[in-house]
Each structure stands twice: as C-alpha cells, then as structure tokens.
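Source file: work-v4.cif; contents: mmCIF, C-alpha atoms.
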```cif
data_coords
#
loop_
_atom_site.label_atom_id
_atom_site.label_comp_id
_atom_site.auth_asym_id
_atom_site.auth_seq_id
_atom_site.Cartn_x
_atom_site.Cartn_y
_atom_site.Cartn_z
CA MET M 145 27.94 -137.61 99.02
CA HIS M 146 28.76 -141.25 98.21
CA GLU M 147 30.25 -139.79 95.03
CA LEU M 148 33.48 -139.10 96.97
CA SER M 149 33.84 -142.84 97.61
CA ILE M 150 33.14 -143.46 93.94
CA ALA M 151 35.77 -140.91 92.87
CA LYS M 152 38.23 -142.73 95.15
CA GLY M 153 37.22 -145.95 93.42
CA MET M 154 38.03 -144.32 90.07
CA ILE M 155 41.58 -143.46 91.10
CA ALA M 156 42.01 -146.93 92.66
CA ASN M 157 40.98 -148.58 89.38
CA LEU M 158 43.19 -146.24 87.32
CA ARG M 159 46.31 -146.18 89.49
CA PRO M 160 48.02 -149.46 88.46
CA TRP M 161 47.71 -148.51 84.80
CA LEU M 162 48.71 -144.87 85.36
CA ASP M 163 51.87 -145.95 87.20
CA GLU M 164 53.00 -147.93 84.16
CA GLN M 165 52.53 -145.08 81.68
CA PRO M 166 55.29 -142.75 80.40
CA GLU M 167 55.88 -139.78 82.69
CA GLY M 168 54.57 -137.23 80.21
CA LEU M 169 51.21 -138.89 79.76
CA ARG M 170 48.27 -136.94 81.11
CA ILE M 171 44.59 -137.82 81.38
CA GLY M 172 42.37 -135.21 79.80
CA LYS M 173 38.93 -136.69 80.21
CA ILE M 174 37.40 -139.73 81.85
CA VAL M 175 33.97 -140.85 80.70
CA VAL M 176 32.00 -142.72 83.35
CA LYS M 177 29.04 -144.86 82.38
CA ALA M 178 26.42 -144.61 85.15
CA GLY M 179 23.13 -146.46 85.34
CA PRO M 180 20.00 -145.11 87.04
CA PHE M 181 20.30 -147.68 89.86
CA ARG M 182 23.67 -146.27 90.99
CA ALA M 183 22.24 -142.95 92.20
CA ILE M 184 25.01 -140.78 90.79
CA MET M 185 24.50 -137.05 90.96
CA PRO M 186 26.70 -135.78 88.08
CA GLN M 187 27.76 -132.51 89.70
CA ALA M 188 28.64 -134.31 92.94
CA LEU M 189 30.88 -136.79 91.09
CA ILE M 190 32.50 -133.98 89.07
CA SER M 191 33.21 -132.04 92.29
CA ALA M 192 34.47 -135.14 94.12
CA TRP M 193 36.83 -135.90 91.24
CA GLU M 194 38.26 -132.37 91.45
CA ILE M 195 39.45 -133.33 94.96
CA VAL M 196 40.57 -136.89 94.23
CA ARG M 197 42.33 -136.18 90.89
CA ARG M 198 45.15 -134.48 92.84
CA GLU M 199 46.22 -137.89 94.12
CA HIS M 200 48.06 -138.71 90.89
CA ALA M 201 50.30 -136.44 88.77
CA LYS M 202 48.76 -137.81 85.58
CA THR M 203 45.18 -136.96 86.53
CA VAL M 204 45.54 -133.50 88.13
CA LYS M 205 44.01 -131.68 85.17
CA SER M 206 41.49 -134.33 84.16
CA VAL M 207 37.75 -133.88 84.07
CA VAL M 208 34.91 -136.36 84.40
CA GLU M 209 32.00 -136.68 82.04
CA ILE M 210 29.00 -138.84 82.88
CA ASP M 211 27.33 -140.97 80.24
CA HIS M 212 23.95 -142.01 81.62
CA SER M 213 22.74 -145.45 80.64
CA CYS M 214 19.09 -146.47 80.52
CA ILE M 215 16.94 -149.16 82.06
CA GLU M 216 15.15 -151.55 79.75
CA VAL M 217 11.60 -151.89 81.03
CA VAL M 218 9.60 -155.00 80.23
CA CYS M 219 5.84 -155.15 80.84
CA ARG M 220 5.01 -158.66 81.95
CA SER M 221 1.34 -158.13 81.15
CA CYS M 222 1.41 -156.98 77.51
CA GLY M 223 5.03 -157.70 76.59
CA ALA M 224 5.89 -154.09 75.70
CA THR M 225 9.55 -153.13 76.12
CA TRP M 226 11.06 -149.67 76.18
CA GLU M 227 14.05 -147.75 77.49
CA ALA M 228 13.71 -145.35 80.42
CA VAL M 229 16.09 -143.00 82.18
CA ARG M 230 14.53 -143.88 85.55
CA PRO M 231 12.22 -146.61 86.82
CA VAL M 232 8.59 -146.24 85.88
CA PHE M 233 5.81 -148.13 87.60
CA THR M 234 2.98 -148.12 85.08
CA CYS M 235 3.04 -149.51 81.54
CA PRO M 236 2.08 -146.67 79.17
CA LYS M 237 0.38 -149.18 76.83
CA CYS M 238 -1.74 -151.34 79.13
CA GLN M 239 -1.44 -149.47 82.49
CA SER M 240 -0.21 -152.66 84.20
CA SER M 241 2.15 -152.28 87.14
CA ASP M 242 3.65 -155.74 86.60
CA LEU M 243 6.96 -154.48 85.21
CA GLU M 244 10.54 -155.70 85.21
CA PHE M 245 13.68 -153.60 84.91
CA MET M 246 16.75 -154.88 83.07
CA GLY M 247 20.18 -153.28 83.44
CA GLY M 248 20.76 -149.86 84.94
CA ASN M 249 23.40 -151.06 87.43
CA GLU M 250 26.39 -149.88 85.39
CA LEU M 251 29.14 -147.80 86.97
CA PHE M 252 32.48 -147.96 85.22
CA ILE M 253 35.05 -146.04 83.22
CA GLU M 254 33.91 -146.33 79.65
CA ASP M 255 36.53 -144.23 77.94
CA ILE M 256 39.52 -142.01 78.63
CA GLU M 257 41.30 -139.35 76.65
CA THR M 258 45.03 -138.93 77.14
CA TYR M 259 47.58 -136.44 75.88
CA THR M 260 51.27 -135.78 76.27
CA GLU M 261 52.18 -132.55 77.97
CA GLU M 262 55.81 -131.92 77.10
CA ASN M 263 56.23 -129.07 79.61
CA ASP M 264 55.24 -131.44 82.41
CA VAL M 265 57.93 -134.02 81.54
CA MET L 148 52.95 -126.71 74.33
CA SER L 149 50.67 -129.71 74.47
CA GLU L 150 50.28 -132.43 71.92
CA LYS L 151 46.88 -134.14 71.96
CA ASN L 152 46.87 -137.92 71.51
CA ILE L 153 43.33 -139.04 72.02
CA ASN L 154 42.89 -142.66 73.03
CA ILE L 155 39.36 -143.81 72.50
CA GLY L 156 38.08 -147.19 73.58
CA ALA L 157 41.55 -148.42 74.54
CA PRO L 158 41.52 -152.10 75.56
CA ILE L 159 42.68 -151.38 79.10
CA ASP L 160 41.71 -153.51 82.05
CA PHE L 161 39.93 -150.79 84.03
CA ILE L 162 37.51 -150.03 81.22
CA GLY L 163 34.25 -151.63 82.29
CA LYS L 164 35.51 -152.51 85.79
CA ASP L 165 33.02 -151.39 88.45
CA LEU L 166 34.21 -148.29 90.29
CA LEU L 167 33.43 -149.92 93.63
CA SER L 168 35.30 -153.14 92.81
CA ALA L 169 37.80 -152.54 95.66
CA ASN L 170 34.85 -152.39 98.09
CA ASP L 171 33.33 -155.47 96.47
CA ARG L 172 36.56 -157.45 97.00
CA VAL L 173 36.55 -156.68 100.73
CA ALA L 174 32.83 -157.54 100.85
CA LYS L 175 33.53 -160.92 99.25
CA HIS L 176 36.16 -161.70 101.90
CA ILE L 177 33.66 -160.78 104.62
CA ARG L 178 31.04 -163.06 103.06
CA ASP L 179 33.53 -165.95 102.86
CA ASP L 180 34.64 -165.44 106.47
CA ILE L 181 31.07 -165.19 107.76
CA ARG L 182 30.34 -168.54 106.10
CA LYS L 183 33.44 -170.10 107.67
CA MET L 184 32.34 -168.79 111.08
CA GLY L 185 28.94 -170.43 110.59
CA SER L 186 27.21 -167.06 110.96
CA VAL L 187 24.66 -165.16 108.90
CA LEU L 188 25.19 -161.43 108.25
CA ILE L 189 22.09 -159.28 107.88
CA HIS L 190 22.41 -155.69 106.66
CA LEU L 191 19.61 -153.32 107.73
CA THR L 192 19.26 -150.11 105.75
CA SER L 193 16.63 -147.37 105.71
CA SER L 194 16.02 -143.68 106.17
CA PRO L 195 16.64 -142.27 109.66
CA GLY L 196 13.88 -143.07 112.13
CA SER L 197 12.28 -146.04 110.37
CA GLY L 198 12.94 -148.18 113.44
CA LYS L 199 16.04 -150.27 112.66
CA THR L 200 17.40 -150.28 116.21
CA THR L 201 13.94 -150.73 117.72
CA LEU L 202 13.41 -153.72 115.40
CA LEU L 203 16.70 -155.20 116.59
CA GLU L 204 15.66 -154.75 120.21
CA ALA L 205 12.31 -156.43 119.52
CA THR L 206 14.06 -159.19 117.56
CA VAL L 207 16.44 -159.91 120.43
CA LYS L 208 13.47 -160.17 122.80
CA ALA L 209 11.47 -162.36 120.41
CA LEU L 210 14.37 -164.73 119.76
CA ASP L 211 14.68 -165.12 123.54
CA GLU L 212 18.33 -166.24 123.53
CA LYS L 213 17.59 -168.98 120.98
CA PHE L 214 20.48 -167.64 118.89
CA SER L 215 23.63 -165.75 119.75
CA ILE L 216 23.44 -162.28 118.23
CA GLY L 217 26.05 -159.63 117.54
CA ALA L 218 25.53 -156.13 116.15
CA ILE L 219 27.51 -153.57 114.20
CA GLU L 220 25.91 -150.15 114.53
CA GLY L 221 26.70 -147.44 111.98
CA ASP L 222 26.05 -143.88 112.99
CA VAL L 223 27.15 -140.49 111.73
CA ALA L 224 27.99 -139.04 115.13
CA THR L 225 27.10 -141.20 118.15
CA GLU L 226 27.39 -144.61 119.78
CA ASN L 227 23.75 -144.41 120.92
CA ASP L 228 22.56 -147.44 118.94
CA ALA L 229 25.48 -149.65 119.99
CA ALA L 230 24.78 -148.63 123.59
CA ARG L 231 21.12 -149.65 123.17
CA MET L 232 22.21 -153.09 121.94
CA LEU L 233 24.76 -153.50 124.74
CA LYS L 234 21.97 -152.68 127.20
CA MET L 235 20.06 -155.64 125.72
CA GLY L 236 23.10 -157.84 126.40
CA ILE L 237 24.10 -157.93 122.73
CA PRO L 238 27.83 -157.59 121.96
CA SER L 239 28.10 -154.55 119.69
CA GLN L 240 30.60 -152.49 117.80
CA ALA L 241 29.87 -148.90 116.82
CA ILE L 242 31.09 -147.43 113.54
CA ILE L 243 31.05 -143.65 113.72
CA THR L 244 31.37 -142.33 110.19
CA HIS L 245 32.08 -138.71 111.22
CA GLY L 246 29.65 -137.31 108.71
CA ALA L 247 29.99 -139.90 105.95
CA CYS L 248 26.60 -140.97 104.64
CA HIS L 249 27.11 -144.73 104.32
CA LEU L 250 29.13 -147.68 105.60
CA ASP L 251 31.60 -149.42 103.34
CA ALA L 252 33.01 -152.93 103.46
CA LYS L 253 36.33 -151.78 104.94
CA SER L 254 34.66 -150.16 107.97
CA VAL L 255 32.50 -153.26 108.50
CA ARG L 256 35.60 -155.48 108.23
CA ARG L 257 37.31 -153.60 111.08
CA ALA L 258 34.21 -153.71 113.28
CA LEU L 259 33.57 -157.38 112.47
CA ASP L 260 37.14 -158.35 113.41
CA LYS L 261 36.71 -156.69 116.81
CA LEU L 262 33.23 -158.15 117.33
CA THR L 263 34.28 -161.71 116.50
CA ALA L 264 37.73 -161.64 118.13
CA ASN L 265 36.53 -163.63 121.14
CA ASP L 266 32.91 -164.47 120.34
CA LYS L 267 30.98 -166.59 117.86
CA PHE L 268 27.53 -165.55 116.68
CA ASP L 269 24.64 -167.24 114.90
CA LEU L 270 23.34 -163.92 113.56
CA ILE L 271 25.23 -160.67 113.06
CA PHE L 272 23.25 -157.55 112.21
CA VAL L 273 24.84 -154.54 110.53
CA GLU L 274 22.80 -151.38 110.88
CA ASN L 275 23.73 -148.82 108.24
CA VAL L 276 23.67 -145.06 108.63
CA GLY L 277 20.11 -143.80 108.14
CA ASN L 278 20.01 -142.80 104.47
CA LEU L 279 17.97 -144.07 101.52
CA VAL L 280 20.43 -143.05 98.79
CA CYS L 281 24.11 -143.39 99.60
CA PRO L 282 24.28 -146.91 101.09
CA SER L 283 22.69 -148.46 98.00
CA GLY L 284 25.86 -149.15 95.99
CA PHE L 285 27.99 -150.55 98.81
CA ASP L 286 28.11 -154.30 99.33
CA LEU L 287 28.98 -154.91 103.00
CA GLY L 288 29.47 -158.66 102.60
CA GLU L 289 25.96 -159.34 103.87
CA ASP L 290 24.04 -162.53 103.24
CA HIS L 291 20.78 -160.56 103.22
CA ARG L 292 20.07 -156.89 102.64
CA VAL L 293 16.93 -155.70 104.39
CA VAL L 294 15.31 -152.34 103.60
CA LEU L 295 12.88 -150.90 106.16
CA ILE L 296 10.12 -148.44 105.26
CA SER L 297 7.95 -147.22 108.09
CA VAL L 298 4.32 -146.47 107.30
CA ALA L 299 4.80 -142.91 108.56
CA GLU L 300 7.31 -142.21 105.76
CA GLY L 301 4.88 -142.40 102.88
CA ASP L 302 4.25 -145.14 100.34
CA ASP L 303 6.16 -143.58 97.45
CA LYS L 304 9.62 -144.54 98.74
CA PRO L 305 10.34 -147.27 96.14
CA GLU L 306 9.39 -144.79 93.39
CA LYS L 307 11.56 -142.05 94.86
CA TYR L 308 14.55 -144.15 95.92
CA PRO L 309 14.75 -147.14 93.55
CA PRO L 310 18.52 -147.83 93.91
CA ILE L 311 18.24 -148.82 97.59
CA PHE L 312 15.81 -151.61 96.62
CA ARG L 313 17.78 -152.93 93.66
CA LYS L 314 20.15 -155.19 95.64
CA ALA L 315 17.76 -155.74 98.56
CA ASP L 316 16.29 -159.21 99.03
CA THR L 317 13.99 -158.29 101.92
CA LEU L 318 11.55 -155.44 102.58
CA ILE L 319 10.14 -154.69 106.00
CA VAL L 320 7.17 -152.36 106.30
CA SER L 321 7.62 -151.17 109.87
CA LYS L 322 5.56 -149.27 112.47
CA LEU L 323 2.44 -151.14 111.36
CA ASP L 324 0.70 -149.98 114.56
CA LEU L 325 0.57 -146.47 113.02
CA LEU L 326 -1.23 -147.65 109.88
CA PRO L 327 -4.71 -146.50 111.02
CA TYR L 328 -3.42 -142.94 111.35
CA VAL L 329 -1.63 -142.49 108.01
CA ASP L 330 -2.37 -142.88 104.31
CA PHE L 331 -0.05 -145.71 103.37
CA ASP L 332 -0.80 -148.34 100.73
CA VAL L 333 1.15 -151.42 101.80
CA GLU L 334 0.35 -153.34 98.59
CA LYS L 335 1.55 -150.46 96.41
CA VAL L 336 4.90 -150.38 98.22
CA LYS L 337 5.29 -154.14 97.91
CA ASN L 338 4.44 -154.11 94.19
CA HIS L 339 6.85 -151.27 93.45
CA ALA L 340 9.62 -152.92 95.45
CA ARG L 341 9.00 -156.17 93.51
CA ALA L 342 9.32 -154.35 90.20
CA ILE L 343 12.78 -153.17 91.25
CA SER L 344 13.88 -156.39 92.97
CA PRO L 345 11.67 -159.20 91.62
CA ASN L 346 12.42 -161.81 94.30
CA ILE L 347 12.22 -159.48 97.30
CA ARG L 348 10.50 -161.07 100.33
CA THR L 349 8.33 -158.81 102.42
CA PHE L 350 7.35 -158.54 106.08
CA GLU L 351 4.87 -156.16 107.67
CA LEU L 352 5.40 -155.67 111.37
CA SER L 353 5.31 -153.50 114.44
CA SER L 354 8.25 -153.69 116.82
CA LYS L 355 6.08 -151.86 119.32
CA ASN L 356 3.03 -154.14 119.61
CA GLY L 357 4.62 -157.29 118.17
CA GLU L 358 2.27 -157.64 115.19
CA GLY L 359 3.97 -159.56 112.37
CA MET L 360 7.14 -160.19 114.39
CA ASP L 361 6.48 -163.94 114.38
CA LYS L 362 7.00 -164.27 110.62
CA TRP L 363 10.21 -162.19 110.70
CA VAL L 364 11.60 -164.22 113.58
CA GLU L 365 10.56 -167.46 111.88
CA TRP L 366 12.49 -166.41 108.79
CA LEU L 367 15.58 -165.55 110.84
CA GLY L 368 15.30 -168.99 112.45
CA SER L 369 15.09 -170.64 109.02
CA LEU L 370 18.40 -169.03 108.06
CA ARG L 371 20.08 -170.89 110.89
CA ALA L 372 18.14 -174.10 110.28
CA GLY L 373 19.10 -174.01 106.61
CA GLU L 374 22.84 -174.25 107.24
#
```

What does the file become when written as structure tokens?
Amino acid sequence: MHELSIAKGMIANLRPWLDEQPEGLRIGKIVVKAGPFRAIMPQALISAWEIVRREHAKTVKSVVEIDHSCIEVVCRSCGATWEAVRPVFTCPKCQSSDLEFMGGNELFIEDIETYTEENDV
Amino acid sequence: MSEKNINIGAPIDFIGKDLLSANDRVAKHIRDDIRKMGSVLIHLTSSPGSGKTTLLEATVKALDEKFSIGAIEGDVATENDAARMLKMGIPSQAIITHGACHLDAKSVRRALDKLTANDKFDLIFVENVGNLVCPSGFDLGEDHRVVLISVAEGDDKPEKYPPIFRKADTLIVSKLDLLPYVDFDVEKVKNHARAISPNIRTFELSSKNGEGMDKWVEWLGSLRAGE
C-alpha cells in the first residue's frame, strides 16, 4: 500500500498552488502518469486518494485517473525496438535476452481539471 | 449550480514533478550528510526471509572490526533485527513502521540522526521492511541499493518484480548453500536483473557457510578505500 504515500505526495505537490487559487476553485480530476517501473496499482491509488483528498477543501470531491506509460524495449542483438506495458525478457524477433528498457519511471501529475463551484464559495 | 472550467495542460509547476519529490529532497540531504560524515550508506531490500539480517551478521564477522559499522533496521512490528545487531556489538536503531510496507527518507533521517548523534561510522546499513514491491520507489539517501534474492525464492523474481531492480546497483543471490536442493538458475536471474538495471553488480554468496562472502566484503572494503 505504498500508494498511500504517493497520494500524500500528490497533495504535497498540489498544496502550494491550491493555496494560491480563488476560494471557489475546485479540482474535478487529476490525471497521474505512471510508468511500469513505479508499481502503481490503480485501484489502490484511487482508494488512497479518497482518503487524502479530504486534506484540502479544493480537492475533497476530486478523482484520480491513471494514465499508464510504456517502456521502450531495445534488443541489443538485432536492434528491434518496441513499446511494452511491462518488461519483457525475450526479443520476439530474434529470441535474444539481451534487452534494454528505456523510460517507464514516470510518476507525476500530467493534467488537472478544475471548476468553480459557486455554492461552495 | 456548478460552472465547469476545464483547464487542460496548464503550465503549472507541479505538472511533471515526481510525486515522491518531497521524499527525494530528504534523501538528497541524507546523501549529502553521509558524504560529509565520511560514511557510506548501503540500503538492503528484499522479500521477507531472504537473509538480510543474517548477511549483516556474517558481514560484521567477516569484516572483523576493520570498519566501524552502524545499522538501521526497518521492521513492521518488532525490534528483533536491531536486537540481533546490538548483540553483535553493532550500534543500531530500529524503525518500526506499524504496518507500513516500506521505509521512507523521513523515517531514515530520524533514525540516522539518533544513530550518528555520538558515533561515527565507516559503513551504515539500512535494512528495509521485507517487501519486493513497495520499497522500490523510495530513495532513502543510500549510496548503494542492494537487492537480495535467495535461491529458495525462485528464479523468476526479476520478471515478477521489475521495479525493485530498476534503481538497484547491486544484486546478491543469497543462501547459495541451498542451491543443490532447489531449481534456481543463477545466470537467468543475473541476466534479467541486468536487463532492468544494466550496470548492476552481482554477488552470489552464503552467509551460512561463507561461500562468496570474500568478494562481497572486498567490495565493501573498496568503498572505503575509494574515498
């Protein structure tokens, strides 16, 4: 359940900006980019955020959406490259196991949706 | 009544900022302080029961007081591992996570401050909570991250748990004395770990019968000699 620590990291990253926003601003959705090497279980992060979002008036009704990024796999034997959602250990073209993985370490807020809730002002 | 104003791709400073950046800042301070102290911080991580504490005990014996050693022992519920180190004469601090599945830089900072309040160490080991998933994203300010896989666990661990290997620079295949009794392909594990972390160095050893300990201890010694 490291996702709880990650949800706390989300609010920590957001808080300085949230504090500067007009009182009526609300966050509707937060899109998190997550790479395969960050071991994020989507439902665990969504549930963790439902606890942590209460820490700020502007995020209490917000939801999290996870945008999974890919790994770029390079075969060092035959030069083939392809994208994969998780590490693979055999090249599908030449069967070599001499592979290299690029990227996949991403974990950041990629996008947010805000709205103004007049009744909350 | 709600009025929707959708902001998409707003140029705001938290967009693209790693969600564990607060942890990473604390980790950087630890790394800087460890350097100033003239120490080396080694983070041991693995599944439960791979032999982290037993390796530390064997390491202490093998180093034979050549270096001063301190230990920070993470555990979900007990101080058992810290007690084992204290029994070996090694100053230790326990971090009890009360159910949390990983250490973070803040908890290590607190333990490190207590450990180093009156003592200086050549090598400080941080033993994470036994878990092959959750610790992977948390920089603890270590100079080296060591993943242990015991031969009894099965040789598909890098395939099943790639994130734990991604930031690791060292792999230890432990409990080598059990190799005759289990189906475990050491080369396969090493190759898969190298695919995930291309420059990972590897050791194969048994804390129990001492096989392979010489190379591990030699490497630890080179860390001090290299300062």

### Message
What's around segment 249-260 of chain L at 10 Å? Count all atoms listed in the file, leave out sequence neighbours fewer than 6 positions away in its own chain, and write the answer as a PyMOL selection string.
### Response
(chain M and resi 145-146+149) or (chain L and resi 167+169-177+181+192+217-223+239-243+271+273-289)

### Query
When you draw a straight line from atom CA of Val175 of chain M to atom CA of Ser344 of chain L, how long is it in Å?
28.2 Å

### Message
Tell me as a PyMOL selection string which residues belonging to chain M come within 9 Å of chain L, counting all atoms listed in the file.
### Response
chain M and resi 145-147+149-158+161+172+177+180-183+230-233+241-245+249-263

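For the file at hand, the PyMOL selection byres ((chain L and resi 301) around 10) resolves to Ile296, Ser297, Val298, Ala299, Glu300, Asp302, Asp303, Lys304, Pro305, Val329, Asp330, Phe331, Asp332, Val333 and Val336 of chain L.
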
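Going from atom CA of Ile210 of chain M to atom CA of Val229 of chain M covers 13.6 Å.
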
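The space separating atom CA of Lys234 of chain L from atom CA of His190 of chain L comes to 20.8 Å.
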
### Task
To verify the selection step, state as a PyMOL selection string which residues the PyMOL selection byres ((chain L and resi 347-358) around 12) yields on this input.
chain L and resi 197-209+291-298+312-326+332-334+336-346+359-367

### Message
Which residues would end up in the selection if the PyMOL selection byres ((chain M and resi 213-222) around 6) were applied here, given that I need the answer as a PyMOL selection string?
### Response
chain M and resi 178-179+212+223-229+242-248

Saved selection, atoms kept: C-alpha atoms, as a compact mmCIF listing (two decimals), in the frame of the given file:
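What landed in selection23.txt:
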```
# COMPACT_ATOMS: atom_id res chain seq x y z
CA ALA M 178 26.42 -144.61 85.15
CA GLY M 179 23.13 -146.46 85.34
CA HIS M 212 23.95 -142.01 81.62
CA GLY M 223 5.03 -157.70 76.59
CA ALA M 224 5.89 -154.09 75.70
CA THR M 225 9.55 -153.13 76.12
CA TRP M 226 11.06 -149.67 76.18
CA GLU M 227 14.05 -147.75 77.49
CA ALA M 228 13.71 -145.35 80.42
CA VAL M 229 16.09 -143.00 82.18
CA ASP M 242 3.65 -155.74 86.60
CA LEU M 243 6.96 -154.48 85.21
CA GLU M 244 10.54 -155.70 85.21
CA PHE M 245 13.68 -153.60 84.91
CA MET M 246 16.75 -154.88 83.07
CA GLY M 247 20.18 -153.28 83.44
CA GLY M 248 20.76 -149.86 84.94
```

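Minimum atom-to-atom distance to Ile195 of chain M, evaluated using all atoms listed in the file, belongs to M:Val208 out of M:Val176, M:Leu169, M:Val208, M:Cys235.
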